[in-house]
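Data from entry-v3.pdb: PDB, C-alpha atoms
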```pdb
ATOM      1  CA  MET A 155     107.727 130.558  49.225
ATOM      2  CA  ARG A 156     105.784 127.726  50.866
ATOM      3  CA  THR A 157     103.162 125.908  48.816
ATOM      4  CA  VAL A 158      99.524 125.449  49.822
ATOM      5  CA  PRO A 159      99.990 121.695  50.514
ATOM      6  CA  GLU A 160     102.949 122.474  52.771
ATOM      7  CA  ILE A 161     100.976 125.068  54.707
ATOM      8  CA  VAL A 162      97.931 122.810  55.053
ATOM      9  CA  THR A 163     100.120 119.983  56.342
ATOM     10  CA  SER A 164     101.708 122.328  58.876
ATOM     11  CA  ILE A 165      98.330 123.575  60.121
ATOM     12  CA  VAL A 166      96.882 120.070  60.476
ATOM     13  CA  ARG A 167      99.920 118.748  62.324
ATOM     14  CA  ARG A 168      99.715 121.490  64.937
ATOM     15  CA  SER A 169      96.751 119.606  66.354
ATOM     16  CA  PRO A 170      97.284 115.872  66.947
ATOM     17  CA  TYR A 171      93.528 115.432  67.287
ATOM     18  CA  LEU A 172      92.867 117.053  63.922
ATOM     19  CA  GLU A 173      95.525 114.868  62.312
ATOM     20  CA  ASP A 174      94.054 111.705  63.846
ATOM     21  CA  SER A 175      90.538 112.629  62.765
ATOM     22  CA  LEU A 176      91.708 113.230  59.214
ATOM     23  CA  ALA A 177      93.571 109.904  59.174
ATOM     24  CA  SER A 178      90.410 108.161  60.403
ATOM     25  CA  GLY A 179      88.341 109.631  57.582
ATOM     26  CA  ILE A 180      85.772 111.220  59.876
ATOM     27  CA  LEU A 181      86.310 114.857  58.831
ATOM     28  CA  ASN A 182      84.432 116.707  56.115
ATOM     29  CA  HIS A 183      87.213 117.987  53.864
ATOM     30  CA  SER A 184      85.193 120.882  52.468
ATOM     31  CA  ALA A 185      84.238 122.109  55.924
ATOM     32  CA  LEU A 186      87.827 121.828  57.122
ATOM     33  CA  ALA A 187      89.062 123.743  54.059
ATOM     34  CA  ARG A 188      86.663 126.614  54.764
ATOM     35  CA  LEU A 189      87.733 126.623  58.395
ATOM     36  CA  ILE A 190      91.466 126.925  57.757
ATOM     37  CA  ARG A 191      91.481 128.879  54.466
ATOM     38  CA  LYS A 192      92.174 132.241  56.146
ATOM     39  CA  ASP A 193      95.092 130.716  58.068
ATOM     40  CA  VAL A 194      96.434 129.307  54.812
ATOM     41  CA  GLU A 195      96.137 132.705  53.143
ATOM     42  CA  ARG A 196      97.870 134.404  56.060
ATOM     43  CA  GLU A 197     100.858 132.074  55.831
ATOM     44  CA  ALA A 198     100.924 132.074  52.032
ATOM     45  CA  MET A 199     100.593 135.884  52.026
ATOM     46  CA  LYS A 200      98.170 135.720  49.098
ATOM     47  CA  ARG A 201      94.585 134.784  48.277
ATOM     48  CA  VAL A 202      93.961 131.054  48.118
ATOM     49  CA  GLN A 203      90.907 129.375  46.625
ATOM     50  CA  THR A 204      88.975 126.979  48.842
ATOM     51  CA  GLY A 205      89.294 124.359  46.112
ATOM     52  CA  ALA A 206      93.088 124.449  46.353
ATOM     53  CA  VAL A 207      92.867 123.863  50.094
ATOM     54  CA  ILE A 208      90.481 120.934  49.562
ATOM     55  CA  VAL A 209      92.897 119.331  47.099
ATOM     56  CA  ALA A 210      95.727 119.684  49.617
ATOM     57  CA  ILE A 211      93.584 118.180  52.375
ATOM     58  CA  ASN A 212      92.601 115.261  50.132
ATOM     59  CA  ARG A 213      96.242 114.466  49.431
ATOM     60  CA  LEU A 214      97.207 114.741  53.079
ATOM     61  CA  SER A 215      94.272 112.555  54.085
ATOM     62  CA  ARG A 216      95.380 109.746  51.762
ATOM     63  CA  LEU A 217      98.914 109.977  53.130
ATOM     64  CA  LEU A 218      97.745 109.824  56.756
ATOM     65  CA  GLU A 219      95.333 106.961  56.074
ATOM     66  CA  GLY A 220      98.186 104.986  54.527
ATOM     67  CA  LYS A 221     100.345 105.481  57.597
ATOM     68  CA  ALA A 222      97.464 104.489  59.869
ATOM     69  CA  ARG A 223      96.953 101.263  57.880
ATOM     70  CA  ARG A 224     100.640 100.387  58.243
ATOM     71  CA  ARG A 225     100.387 100.821  62.005
ATOM     72  CA  ARG A 226      97.293  98.616  62.163
ATOM     73  CA  ASN A 227      98.938  95.947  60.016
ATOM     74  CA  VAL A 228     101.799  95.651  62.476
ATOM     75  CA  PHE A 229      99.352  94.660  65.197
ATOM     76  CA  ARG A 230      97.783  91.679  63.447
ATOM     77  CA  LYS A 231      96.817  90.475  66.911
ATOM     78  CA  ALA A 232      96.396  92.409  70.122
ATOM     79  CA  PRO A 233      99.728  92.812  71.953
ATOM     80  CA  ASP A 234     100.184  91.588  75.500
ATOM     81  CA  LEU A 235      99.685  94.284  78.129
ATOM     82  CA  ILE A 236     101.402  94.026  81.509
ATOM     83  CA  VAL A 237     100.239  96.160  84.434
ATOM     84  CA  ARG A 238     102.400  96.885  87.458
ATOM     85  CA  LEU A 239     101.129  98.563  90.600
ATOM     86  CA  GLN A 240     102.827 100.113  93.612
ATOM     87  CA  LEU A 241     105.684 101.887  91.861
ATOM     88  CA  PHE A 242     107.597 105.016  92.767
ATOM     89  CA  GLU A 243     109.952 107.344  90.912
ATOM     90  CA  VAL A 244     112.920 109.325  92.139
ATOM     91  CA  THR A 245     115.251 111.631  90.185
ATOM     92  CA  TYR A 246     118.765 112.684  91.184
ATOM     93  CA  GLY A 247     121.322 115.013  89.670
ATOM     94  CA  ASN A 248     124.059 113.077  87.888
ATOM     95  CA  SER A 249     127.262 112.337  89.771
ATOM     96  CA  ARG A 250     130.094 109.809  89.593
ATOM     97  CA  PRO A 251     129.104 108.022  92.835
ATOM     98  CA  LEU A 252     125.550 107.612  91.532
ATOM     99  CA  VAL A 253     126.776 105.290  88.769
ATOM    100  CA  GLN A 254     128.316 102.912  91.315
ATOM    101  CA  LYS A 255     125.170 103.030  93.409
ATOM    102  CA  GLN A 256     123.133 101.958  90.389
ATOM    103  CA  ILE A 257     125.355  98.889  90.059
ATOM    104  CA  ARG A 258     124.834  98.047  93.724
ATOM    105  CA  LEU A 259     121.100  98.508  93.281
ATOM    106  CA  PHE A 260     120.949  96.054  90.391
ATOM    107  CA  GLU A 261     122.996  93.575  92.428
ATOM    108  CA  ARG A 262     120.321  93.708  95.112
ATOM    109  CA  MET A 263     117.756  92.846  92.455
ATOM    110  CA  ARG A 264     119.186  89.351  92.131
ATOM    111  CA  SER A 265     117.258  88.281  95.219
ATOM    112  CA  ARG A 266     114.098  90.101  94.079
ATOM    113  CA  PRO A 267     113.554  89.130  90.430
ATOM    114  CA  HIS A 268     109.832  89.866  90.706
ATOM    115  CA  CYS A 269     110.464  93.566  91.367
ATOM    116  CA  PHE A 270     110.371  96.237  88.671
ATOM    117  CA  LEU A 271     113.405  98.470  88.254
ATOM    118  CA  THR A 272     114.473 100.771  85.454
ATOM    119  CA  VAL A 273     117.157 103.445  85.452
ATOM    120  CA  THR A 274     117.343 106.211  82.852
ATOM    121  CA  ARG A 275     120.411 108.415  82.751
ATOM    122  CA  GLY A 276     120.026 111.749  81.002
ATOM    123  CA  ILE A 277     122.459 114.586  80.401
ATOM    124  CA  ASN A 278     122.014 116.207  83.819
ATOM    125  CA  GLU A 279     119.894 113.816  85.847
ATOM    126  CA  THR A 280     119.052 110.166  86.428
ATOM    127  CA  THR A 281     115.564 108.796  87.053
ATOM    128  CA  ILE A 282     114.910 105.542  88.880
ATOM    129  CA  ILE A 283     111.491 103.896  88.652
ATOM    130  CA  ALA A 284     111.040 100.859  90.865
ATOM    131  CA  SER A 285     108.641  98.721  92.846
ATOM    132  CA  ARG A 286     107.644 100.309  96.114
ATOM    133  CA  GLU A 287     109.312  97.570  98.172
ATOM    134  CA  LEU A 288     112.657  98.844  96.835
ATOM    135  CA  ARG A 289     111.980 102.417  97.925
ATOM    136  CA  ASP A 290     113.830 102.272 101.247
ATOM    137  CA  ALA A 291     116.826 100.620  99.617
ATOM    138  CA  VAL A 292     116.967 103.237  96.854
ATOM    139  CA  LEU A 293     116.531 106.199  99.187
ATOM    140  CA  SER A 294     119.107 104.873 101.638
ATOM    141  CA  LEU A 295     121.630 104.066  98.921
ATOM    142  CA  CYS A 296     121.241 107.512  97.336
ATOM    143  CA  ARG A 297     120.795 109.582 100.483
ATOM    144  CA  ASP A 298     123.897 111.678  99.734
ATOM    145  CA  GLU A 299     122.826 112.454  96.147
ATOM    146  CA  SER A 300     121.161 115.662  94.971
ATOM    147  CA  LEU A 301     117.427 114.938  94.959
ATOM    148  CA  VAL A 302     115.511 116.557  92.105
ATOM    149  CA  SER A 303     112.094 114.938  92.453
ATOM    150  CA  ARG A 304     110.255 112.072  94.110
ATOM    151  CA  ILE A 305     106.840 110.770  93.062
ATOM    152  CA  ASP A 306     104.974 108.003  94.897
ATOM    153  CA  HIS A 307     101.776 106.076  94.131
ATOM    154  CA  LEU A 308     102.562 105.235  90.527
ATOM    155  CA  ALA A 309     101.646 102.340  88.264
ATOM    156  CA  SER A 310     102.579 101.290  84.749
ATOM    157  CA  VAL A 311     101.241  99.491  81.712
ATOM    158  CA  THR A 312     103.730  97.860  79.350
ATOM    159  CA  VAL A 313     102.825  97.199  75.730
ATOM    160  CA  MET A 314     104.745  94.240  74.283
ATOM    161  CA  LEU A 315     105.427  95.463  70.762
ATOM    162  CA  PRO A 316     105.760  92.981  67.889
ATOM    163  CA  PRO A 317     109.066  92.841  65.975
ATOM    164  CA  GLY A 318     109.302  95.447  63.259
ATOM    165  CA  THR A 319     107.599  98.329  65.032
ATOM    166  CA  THR A 320     110.820 100.352  65.044
ATOM    167  CA  GLN A 321     110.386 100.722  61.293
ATOM    168  CA  ILE A 322     106.856 102.156  61.559
ATOM    169  CA  PRO A 323     106.584 105.922  62.221
ATOM    170  CA  GLY A 324     104.126 107.020  64.886
ATOM    171  CA  ILE A 325     103.784 103.834  66.950
ATOM    172  CA  TYR A 326     104.463 105.585  70.254
ATOM    173  CA  SER A 327     102.323 108.611  69.388
ATOM    174  CA  TYR A 328      99.489 106.229  68.427
ATOM    175  CA  LEU A 329      99.376 105.079  72.057
ATOM    176  CA  LEU A 330     100.098 108.398  73.740
ATOM    177  CA  LYS A 331      97.575 110.394  71.690
ATOM    178  CA  ALA A 332      94.822 107.995  72.733
ATOM    179  CA  LEU A 333      95.618 108.647  76.395
ATOM    180  CA  ALA A 334      95.889 112.409  75.891
ATOM    181  CA  TRP A 335      92.519 112.446  74.115
ATOM    182  CA  GLU A 336      90.919 110.953  77.245
ATOM    183  CA  GLY A 337      92.725 113.314  79.619
ATOM    184  CA  ILE A 338      95.108 110.696  81.018
ATOM    185  CA  ASN A 339      98.327 112.284  82.280
ATOM    186  CA  VAL A 340     101.517 110.354  81.534
ATOM    187  CA  VAL A 341     104.217 110.773  84.179
ATOM    188  CA  GLU A 342     107.008 108.931  82.336
ATOM    189  CA  VAL A 343     107.629 106.637  79.387
ATOM    190  CA  VAL A 344     110.353 103.990  79.263
ATOM    191  CA  SER A 345     111.159 101.750  76.338
ATOM    192  CA  THR A 346     113.345  98.930  75.127
ATOM    193  CA  LEU A 347     113.358  97.644  71.554
ATOM    194  CA  ASN A 348     110.064  95.741  71.841
ATOM    195  CA  GLU A 349     108.595  97.013  75.112
ATOM    196  CA  PHE A 350     106.934 100.373  75.686
ATOM    197  CA  THR A 351     106.145 101.198  79.301
ATOM    198  CA  ILE A 352     103.859 104.066  80.264
ATOM    199  CA  VAL A 353     104.027 105.260  83.871
ATOM    200  CA  LEU A 354     100.978 106.963  85.381
ATOM    201  CA  GLU A 355      99.363 107.810  88.670
ATOM    202  CA  GLU A 356      97.860 104.713  90.274
ATOM    203  CA  GLY A 357      94.361 106.170  90.142
ATOM    204  CA  MET A 358      94.491 106.346  86.339
ATOM    205  CA  ILE A 359      95.801 102.873  85.567
ATOM    206  CA  ASP A 360      92.413 101.197  85.061
ATOM    207  CA  ASP A 361      91.270 103.821  82.559
ATOM    208  CA  ALA A 362      94.631 103.791  80.780
ATOM    209  CA  PHE A 363      94.580 100.010  80.453
ATOM    210  CA  SER A 364      91.060 100.065  79.000
ATOM    211  CA  ILE A 365      91.926 102.831  76.519
ATOM    212  CA  ILE A 366      95.037 101.050  75.231
ATOM    213  CA  LYS A 367      93.230  97.720  75.021
ATOM    214  CA  ARG A 368      90.494  99.285  72.878
ATOM    215  CA  LEU A 369      93.080 100.426  70.340
ATOM    216  CA  PHE A 370      93.633  96.827  69.281
TER     217      PHE A 370
END
```

Show the structure stored in the file as structure tokens.
Amino acid sequence: MRTVPEIVTSIVRRSPYLEDSLASGILNHSALARLIRKDVEREAMKRVQTGAVIVAINRLSRLLEGKARRRRNVFRKAPDLIVRLQLFEVTYGNSRPLVQKQIRLFERMRSRPHCFLTVTRGINETTIIASRELRDAVLSLCRDESLVSRIDHLASVTVMLPPGTTQIPGIYSYLLKALAWEGINVVEVVSTLNEFTIVLEEGMIDDAFSIIKRLF
């Protein structure tokens, strides 16, 4: 049988906004306990005192605050943010010829080092995100491939992560939750070890940049 702390943790984590608010210390624990007590009782299949829920919330709050402090400590100074405009995205079904075409595409990049290009190969499909000036080359090169989706008028903001962030849980969600809270739709995310790139519609890039910048 699940314990009250386990149930409380599960309920809080169903809402990223509730979890963030608890980690920030801006929630009244008693009020939250009264709000979720019936849900706790339903999952525990027994009566639960409000005091027991408060104790569980207090413990969870300390845990979340500790994790939030570790994330903040990683960013001792604001990371560099790089914005790219005029991007497009195209997705094709995977095929053997597509792999060779990717190689040819990267070879063409030698003469255009200023352009942005990233290729992500999944189980069934491959997504190419590139500067708009490469669009004709990509579409022509892949004209015989099975087109899944094409999205124009995109932009991106890249967060240059400091070394060590791979050891800190929740770094990516820290950024993405902030955008979700403000109603910013994320089209794609692409990452390397120390770079996290968020791809959005061009019309949202200014707001997204400001939101991310405020985090630090």

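What separates atom CA of A:Leu293 from atom CA of A:Val340 is a distance of 23.5 Å.
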
Residue nearest A:Ile365 among A:Ile277, A:Leu235, A:Ala187, A:Val253 (counting all atoms listed in the file)
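Smallest separation from A:Ile365 among the options: A:Leu235.
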
Nearby residues (only C-alpha atoms) at most 10 Å from stretch 307-320 of chain A, same-chain spacing under 5 positions excluded, as a JSON list (two decimals) with C-alpha atoms, in the coordinates of the input:
```json
[["chain", "number", "residue", "atom", "x", "y", "z"],
["A", 224, "ARG", "CA", 100.64, 100.39, 58.24],
["A", 225, "ARG", "CA", 100.39, 100.82, 62.00],
["A", 228, "VAL", "CA", 101.80, 95.65, 62.48],
["A", 229, "PHE", "CA", 99.35, 94.66, 65.20],
["A", 230, "ARG", "CA", 97.78, 91.68, 63.45],
["A", 231, "LYS", "CA", 96.82, 90.48, 66.91],
["A", 232, "ALA", "CA", 96.40, 92.41, 70.12],
["A", 233, "PRO", "CA", 99.73, 92.81, 71.95],
["A", 234, "ASP", "CA", 100.18, 91.59, 75.50],
["A", 235, "LEU", "CA", 99.68, 94.28, 78.13],
["A", 236, "ILE", "CA", 101.40, 94.03, 81.51],
["A", 237, "VAL", "CA", 100.24, 96.16, 84.43],
["A", 238, "ARG", "CA", 102.40, 96.88, 87.46],
["A", 239, "LEU", "CA", 101.13, 98.56, 90.60],
["A", 240, "GLN", "CA", 102.83, 100.11, 93.61],
["A", 241, "LEU", "CA", 105.68, 101.89, 91.86],
["A", 242, "PHE", "CA", 107.60, 105.02, 92.77],
["A", 243, "GLU", "CA", 109.95, 107.34, 90.91],
["A", 283, "ILE", "CA", 111.49, 103.90, 88.65],
["A", 284, "ALA", "CA", 111.04, 100.86, 90.86],
["A", 285, "SER", "CA", 108.64, 98.72, 92.85],
["A", 286, "ARG", "CA", 107.64, 100.31, 96.11],
["A", 325, "ILE", "CA", 103.78, 103.83, 66.95],
["A", 326, "TYR", "CA", 104.46, 105.58, 70.25],
["A", 329, "LEU", "CA", 99.38, 105.08, 72.06],
["A", 340, "VAL", "CA", 101.52, 110.35, 81.53],
["A", 341, "VAL", "CA", 104.22, 110.77, 84.18],
["A", 342, "GLU", "CA", 107.01, 108.93, 82.34],
["A", 343, "VAL", "CA", 107.63, 106.64, 79.39],
["A", 344, "VAL", "CA", 110.35, 103.99, 79.26],
["A", 345, "SER", "CA", 111.16, 101.75, 76.34],
["A", 346, "THR", "CA", 113.34, 98.93, 75.13],
["A", 347, "LEU", "CA", 113.36, 97.64, 71.55],
["A", 348, "ASN", "CA", 110.06, 95.74, 71.84],
["A", 349, "GLU", "CA", 108.60, 97.01, 75.11],
["A", 350, "PHE", "CA", 106.93, 100.37, 75.69],
["A", 351, "THR", "CA", 106.14, 101.20, 79.30],
["A", 352, "ILE", "CA", 103.86, 104.07, 80.26],
["A", 353, "VAL", "CA", 104.03, 105.26, 83.87],
["A", 354, "LEU", "CA", 100.98, 106.96, 85.38],
["A", 355, "GLU", "CA", 99.36, 107.81, 88.67],
["A", 356, "GLU", "CA", 97.86, 104.71, 90.27],
["A", 357, "GLY", "CA", 94.36, 106.17, 90.14],
["A", 358, "MET", "CA", 94.49, 106.35, 86.34],
["A", 359, "ILE", "CA", 95.80, 102.87, 85.57],
["A", 360, "ASP", "CA", 92.41, 101.20, 85.06],
["A", 362, "ALA", "CA", 94.63, 103.79, 80.78],
["A", 363, "PHE", "CA", 94.58, 100.01, 80.45],
["A", 366, "ILE", "CA", 95.04, 101.05, 75.23],
["A", 367, "LYS", "CA", 93.23, 97.72, 75.02]]
```

Neighbours of A:Val302 within 12 Å (only C-alpha atoms; same-chain residues fewer than 5 positions away dropped), as a ChimeraX atom specification?
/A:243-248,278-282,296

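Closest approach to A:Glu195 from the set A:Arg262, A:Arg156, A:Arg304, A:Arg368 is made by A:Arg156, with distances taken over all atoms listed in the file.
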
Have a look at atom CA of A:Asn182 and atom CA of A:Gly324 and let me know their distance in Å, one decimal.
23.6 Å

Any chance you could resolve the PyMOL selection byres ((chain A and resi 157-166) around 7) against this file and give the residues as a PyMOL selection string?
chain A and resi 155-156+167-169+172-173+194+207+210-211+214

Next, write the just-selected residues to a file, as a short mmCIF file (atom, residue, chain, number, x, y, z; two decimals), in the frame of the given file, keeping C-alpha atoms as the atom set.
```cif
data_model
loop_
_atom_site.label_atom_id
_atom_site.label_comp_id
_atom_site.auth_asym_id
_atom_site.auth_seq_id
_atom_site.Cartn_x
_atom_site.Cartn_y
_atom_site.Cartn_z
CA MET A 155 107.73 130.56 49.22
CA ARG A 156 105.78 127.73 50.87
CA ARG A 167 99.92 118.75 62.32
CA ARG A 168 99.72 121.49 64.94
CA SER A 169 96.75 119.61 66.35
CA LEU A 172 92.87 117.05 63.92
CA GLU A 173 95.52 114.87 62.31
CA VAL A 194 96.43 129.31 54.81
CA VAL A 207 92.87 123.86 50.09
CA ALA A 210 95.73 119.68 49.62
CA ILE A 211 93.58 118.18 52.38
CA LEU A 214 97.21 114.74 53.08
#
```

What separation in Å, quoted to one decimal, exists between atom CA of A:Gln203 and atom CA of A:Arg188?
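These two atoms are separated by 9.6 Å.
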
Let me know the centre plus edge lengths, in Å and rounded to one decimal, of a box with edges along x, y and z that contains all listed atoms of stretch 199-209 of chain A and is padded by 5 Å on every side, as JSON.
```
{"center_x": 94.8, "center_y": 127.6, "center_z": 49.1, "size_x": 21.6, "size_y": 26.6, "size_z": 15.9}
```

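Once the PyMOL selection byres ((chain A and resi 251) around 12) is applied to the shown structure, the selection contains Tyr246, Gly247, Asn248, Ser249, Arg250, Leu252, Val253, Gln254, Lys255, Gln256, Ile257, Arg258, Leu295, Cys296, Arg297, Asp298, Glu299 and Ser300 of chain A.
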
Only C-alpha atoms, please: the residues just picked out, written as a PDB file, keeping the file's coordinate frame.
```
ATOM      1  CA  TYR A 246     118.765 112.684  91.184  1.00  0.00           C
ATOM      2  CA  GLY A 247     121.322 115.013  89.670  1.00  0.00           C
ATOM      3  CA  ASN A 248     124.059 113.077  87.888  1.00  0.00           C
ATOM      4  CA  SER A 249     127.262 112.337  89.771  1.00  0.00           C
ATOM      5  CA  ARG A 250     130.094 109.809  89.593  1.00  0.00           C
ATOM      6  CA  LEU A 252     125.550 107.612  91.532  1.00  0.00           C
ATOM      7  CA  VAL A 253     126.776 105.290  88.769  1.00  0.00           C
ATOM      8  CA  GLN A 254     128.316 102.912  91.315  1.00  0.00           C
ATOM      9  CA  LYS A 255     125.170 103.030  93.409  1.00  0.00           C
ATOM     10  CA  GLN A 256     123.133 101.958  90.389  1.00  0.00           C
ATOM     11  CA  ILE A 257     125.355  98.889  90.059  1.00  0.00           C
ATOM     12  CA  ARG A 258     124.834  98.047  93.724  1.00  0.00           C
ATOM     13  CA  LEU A 295     121.630 104.066  98.921  1.00  0.00           C
ATOM     14  CA  CYS A 296     121.241 107.512  97.336  1.00  0.00           C
ATOM     15  CA  ARG A 297     120.795 109.582 100.483  1.00  0.00           C
ATOM     16  CA  ASP A 298     123.897 111.678  99.734  1.00  0.00           C
ATOM     17  CA  GLU A 299     122.826 112.454  96.147  1.00  0.00           C
ATOM     18  CA  SER A 300     121.161 115.662  94.971  1.00  0.00           C
TER      19      SER A 300
END
```

Please provide as a list in words all residues within 12 Å of A:Arg266, with the sequence filter that same-chain residues fewer than 3 positions apart are discarded (counting all atoms listed in the file).
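Neighbouring residues, sequence-local ones excluded: Leu259, Phe260, Glu261, Arg262, Met263, Cys269, Phe270, Leu271, Ala284, Ser285, Glu287 and Leu288 of chain A.
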